[in-house]
Amino acid sequence: MTAARPLIVPAEALAEDPAACDAVVAALRAGDLVAVPTETVYGLAADATSPAAVAAIYAAKGRPSFNPLIVHEGSATAASRHGVFDARARLLAEAFWPGPLTLVVPLAPGAAIAPAVTAGLSSVAIRVPRSPAVRRLTEALGRPVAAPSANRSGRVSPTSAADVVADLGDRVAVVVDGGPCPVGVESTIVSLTGPDAVLLRPGGLPADDIEAVLGAPLLRPAADPARPQAPGQLSSHYAPRAKVRLGAVRVLPGEALLAFGPVPPDGAAEAVASENLSPSGDLAEAARHLFAALRRLDASGAATIAVQPLPATGLGEAIADRLRRAAAPRG
């Protein structure tokens with residue numbers, strides 16, 4: 001007997017077919033998990049006010065319970081019900097929402113967020129995604145959704161509906177198919193819980209853009225993987241099954257190659273498989289292709305993926321972060 005597959009709903013149907021939108025909202029109200037497309041990656045959404053629904057996210061992903069989730073809302077006004085927004089938070093929300101920025105702010109008194117979402121912290125991570133599908137669903141649901149990446153914990157993030165089905169199968173009730181994610185790496189996370197703005201995770205919004213709006217540099221403290229303050233801070237994360245070797249200026253026998261730019265490294269022609277994130281050296285294109293390329297190289301069967309050096313500026317900071325965690329020793 002084969003496992004049940006999730007219901008696939010085209011993202012445009014949420015706007016064009018009221019019955020389709022009602023069906024997805026009904027699944028969320030029932031405590032089911034719904035995979036949703038965002039501009040960054042696909043999220044595994046559940047009612048953020050329901051302890052049982054949030055517990056289902058952790059169970060489906062195999063995610064450690066100490067790793068907090070991001071609350072997604074349809075507007076900055078709705079987001080302000082869950083967190084305390086100071087002048088800095090309001091400034092960044094106005095500049096970058098909807099978009100790939102998550103703000104960590106103090107949890108609002110009386111906020112109806114399930115405790116497991118914050119993993120026991122006194123702060124909450126919130127964002128308003130650019131995705132019309134997520135904003136439409138939260139508005140129809142009348143509640144926020146918690147939505148980490150829709151994949152098994154620690155593995156390569158999903159940037160297509162097919163990735164979600166391959167990773168989670170019948171653990172998710174509905175997959176809203178919005179096509180490939182245009183940004184391709186998770187949101188940038190900034191903490192505003194203290195006097196200084198802190199970059200907790202580089203992502204789809206370059207840190208330079210945030211610093212320009214704040215008029216001050218972001219602090220970049222070393223994260224404690226045993227006590228993450230936000231998603232994406234575990235030492236090993238975003239990892240394919242193959243080992244990942246960074247800074248490769250030569251491809252060794254039996255390796256697959258993750259290349260960047262117009263000049264391949266030595267030995268590229270002998271690679272088991274090869275993907276170029278951006279032959280022209282464009283970091284936005286590289287970010288968009290990163291996770292899909294890692295998945296394809298992993299499927300080649302190579303034991304190791306050699307990664308050509310990339311610039312670590314702008315979006316390159318987020319790419320470097322993902323690759324460093326993908327290459328980290330695994331427990």
# chains A, B, ... in the order shown; residues from 1 in each chain; ligands from 1
$ residues_around --residues "Ala35 (chain A)" --least-positions-apart "3" --cutoff "6 Å" --atoms "only C-alpha atoms" --output "ChimeraX atom specification"
/A:43-45,175-176
$ select_by_dssp --residues "region 99-291 of chain A" --states "strand (DSSP E or B)" --output "ChimeraX atom specification"
/A:101-107,123-127,145-146,149,155,174-177,188-191,198-201,219,239,243-245,250,256-259,266,274-276
$ residues_around --residues "region 269-273 of chain A" --least-positions-apart "6" --cutoff "8 Å" --atoms "only C-alpha atoms" --output "PyMOL selection string"
chain A and resi 251-257+297+300+302
$ residues_around --residues "Arg296 (chain A)" --least-positions-apart "2" --cutoff "12 Å" --atoms "only C-alpha atoms" --output "PDB file with C-alpha atoms, in the first residue's frame"
ATOM      1  CA  VAL A 156      18.574  21.154   2.098  1.00  0.00           C
ATOM      2  CA  ASP A 163      11.102  19.331  -3.136  1.00  0.00           C
ATOM      3  CA  PRO A 240      22.870  17.279   1.580  1.00  0.00           C
ATOM      4  CA  ARG A 241      23.695  13.634   2.228  1.00  0.00           C
ATOM      5  CA  ALA A 242      27.040  14.088   0.484  1.00  0.00           C
ATOM      6  CA  ALA A 256      30.706  16.625  -7.868  1.00  0.00           C
ATOM      7  CA  LEU A 257      31.229  20.350  -8.481  1.00  0.00           C
ATOM      8  CA  LEU A 258      29.244  23.368  -7.345  1.00  0.00           C
ATOM      9  CA  VAL A 272      30.906  13.324 -11.492  1.00  0.00           C
ATOM     10  CA  ALA A 273      28.277  16.049 -11.915  1.00  0.00           C
ATOM     11  CA  SER A 274      28.455  19.815 -12.174  1.00  0.00           C
ATOM     12  CA  GLU A 275      26.204  22.795 -11.434  1.00  0.00           C
ATOM     13  CA  ASN A 276      27.127  26.450 -11.911  1.00  0.00           C
ATOM     14  CA  LEU A 277      25.203  28.766  -9.591  1.00  0.00           C
ATOM     15  CA  HIS A 289      19.809  28.399  -7.548  1.00  0.00           C
ATOM     16  CA  LEU A 290      21.738  27.298  -4.435  1.00  0.00           C
ATOM     17  CA  PHE A 291      19.440  24.741  -2.825  1.00  0.00           C
ATOM     18  CA  ALA A 292      18.140  23.242  -6.074  1.00  0.00           C
ATOM     19  CA  ALA A 293      21.712  22.803  -7.293  1.00  0.00           C
ATOM     20  CA  LEU A 294      22.756  21.104  -4.050  1.00  0.00           C
ATOM     21  CA  ASP A 298      23.380  15.120  -4.098  1.00  0.00           C
ATOM     22  CA  ALA A 299      21.250  12.969  -6.413  1.00  0.00           C
ATOM     23  CA  SER A 300      24.336  12.245  -8.547  1.00  0.00           C
ATOM     24  CA  GLY A 301      25.589   9.820  -5.914  1.00  0.00           C
ATOM     25  CA  ALA A 302      28.913  11.598  -5.426  1.00  0.00           C
ATOM     26  CA  ILE A 305      30.497  18.063  -3.396  1.00  0.00           C
TER      27      ILE A 305
END
$ select_by_dssp --residues "region 181-317 of chain A" --states "helix (DSSP H, G or I)" --output "number ranges by chain"
A: 207-214, 268-270, 283-299, 316-317
$ closest_residue --among "A:Gly194, A:Gly154, A:Pro68, A:Gly184" --to "Val54 (chain A)" --atoms "only C-alpha atoms"
A:Pro68
$ closest_atom_pairs --of "region 74-129 of chain A" --to "region 203-219 of chain A" --cutoff "8 Å" --atoms "only C-alpha atoms" --output "Markdown table"
| residue | atom | partner | partner_atom | distance |
| --- | --- | --- | --- | --- |
| A:Arg88 | CA | A:Leu214 | CA | 7.0 |
| A:Leu91 | CA | A:Val213 | CA | 7.7 |
| A:Leu92 | CA | A:Val213 | CA | 7.1 |
| A:Ala95 | CA | A:Val213 | CA | 7.7 |
| A:Pro100 | CA | A:Gly204 | CA | 5.5 |
| A:Leu101 | CA | A:Leu205 | CA | 6.4 |
$ atom_distance --atom1 "CA of Leu168 (chain A)" --atom2 "CA of Leu28 (chain A)"
16.9 Å
$ atom_distance --atom1 "CA of Arg130 (chain A)" --atom2 "CA of Phe96 (chain A)"
9.6 Å
$ closest_residue --among "A:Ala13, A:Leu121, A:Leu69, A:Ala89" --to "Leu192 (chain A)" --atoms "only C-alpha atoms"
A:Ala89
$ residues_around --residues "Val25 (chain A)" --least-positions-apart "4" --cutoff "9 Å" --atoms "only C-alpha atoms" --output "PyMOL selection string"
chain A and resi 20-21+29-30+137-138+140-141
$ atom_distance --atom1 "CA of Ser50 (chain A)" --atom2 "CA of Arg81 (chain A)"
16.2 Å
$ residues_around --residues "Ala79 (chain A)" --least-positions-apart "3" --cutoff "9 Å" --atoms "only C-alpha atoms" --output "number ranges by chain"
A: 71-76, 82-83, 126-128, 144
$ write_last_selection --atoms "C-alpha atoms" --output "mmCIF file, in the first residue's frame"
data_model
loop_
_atom_site.group_PDB
_atom_site.id
_atom_site.type_symbol
_atom_site.label_atom_id
_atom_site.label_comp_id
_atom_site.auth_asym_id
_atom_site.auth_seq_id
_atom_site.Cartn_x
_atom_site.Cartn_y
_atom_site.Cartn_z
ATOM 1 C CA VAL A 71 5.594 33.615 12.800
ATOM 2 C CA HIS A 72 4.243 34.748 9.409
ATOM 3 C CA GLU A 73 1.575 37.414 9.159
ATOM 4 C CA GLY A 74 -0.327 39.189 6.404
ATOM 5 C CA SER A 75 0.600 42.749 7.351
ATOM 6 C CA ALA A 76 2.735 44.798 9.726
ATOM 7 C CA HIS A 82 2.314 39.481 18.593
ATOM 8 C CA GLY A 83 5.442 41.518 19.278
ATOM 9 C CA ILE A 126 8.027 37.612 12.897
ATOM 10 C CA ARG A 127 7.921 38.396 9.214
ATOM 11 C CA VAL A 128 5.482 39.499 6.531
ATOM 12 C CA PRO A 144 -0.762 33.885 12.117
#
$ residues_around --residues "region 147-151 of chain A" --least-positions-apart "5" --cutoff "10 Å" --atoms "only C-alpha atoms" --output "ChimeraX atom specification"
/A:33-38,40-48,54,57-58,60-63,68-72,117,134,156-161,163-169,172,175,186,231-232,238
$ closest_residue --among "A:Gly261, A:Pro51, A:Pro6, A:Gly110" --to "Val145 (chain A)" --atoms "only C-alpha atoms"
A:Pro51
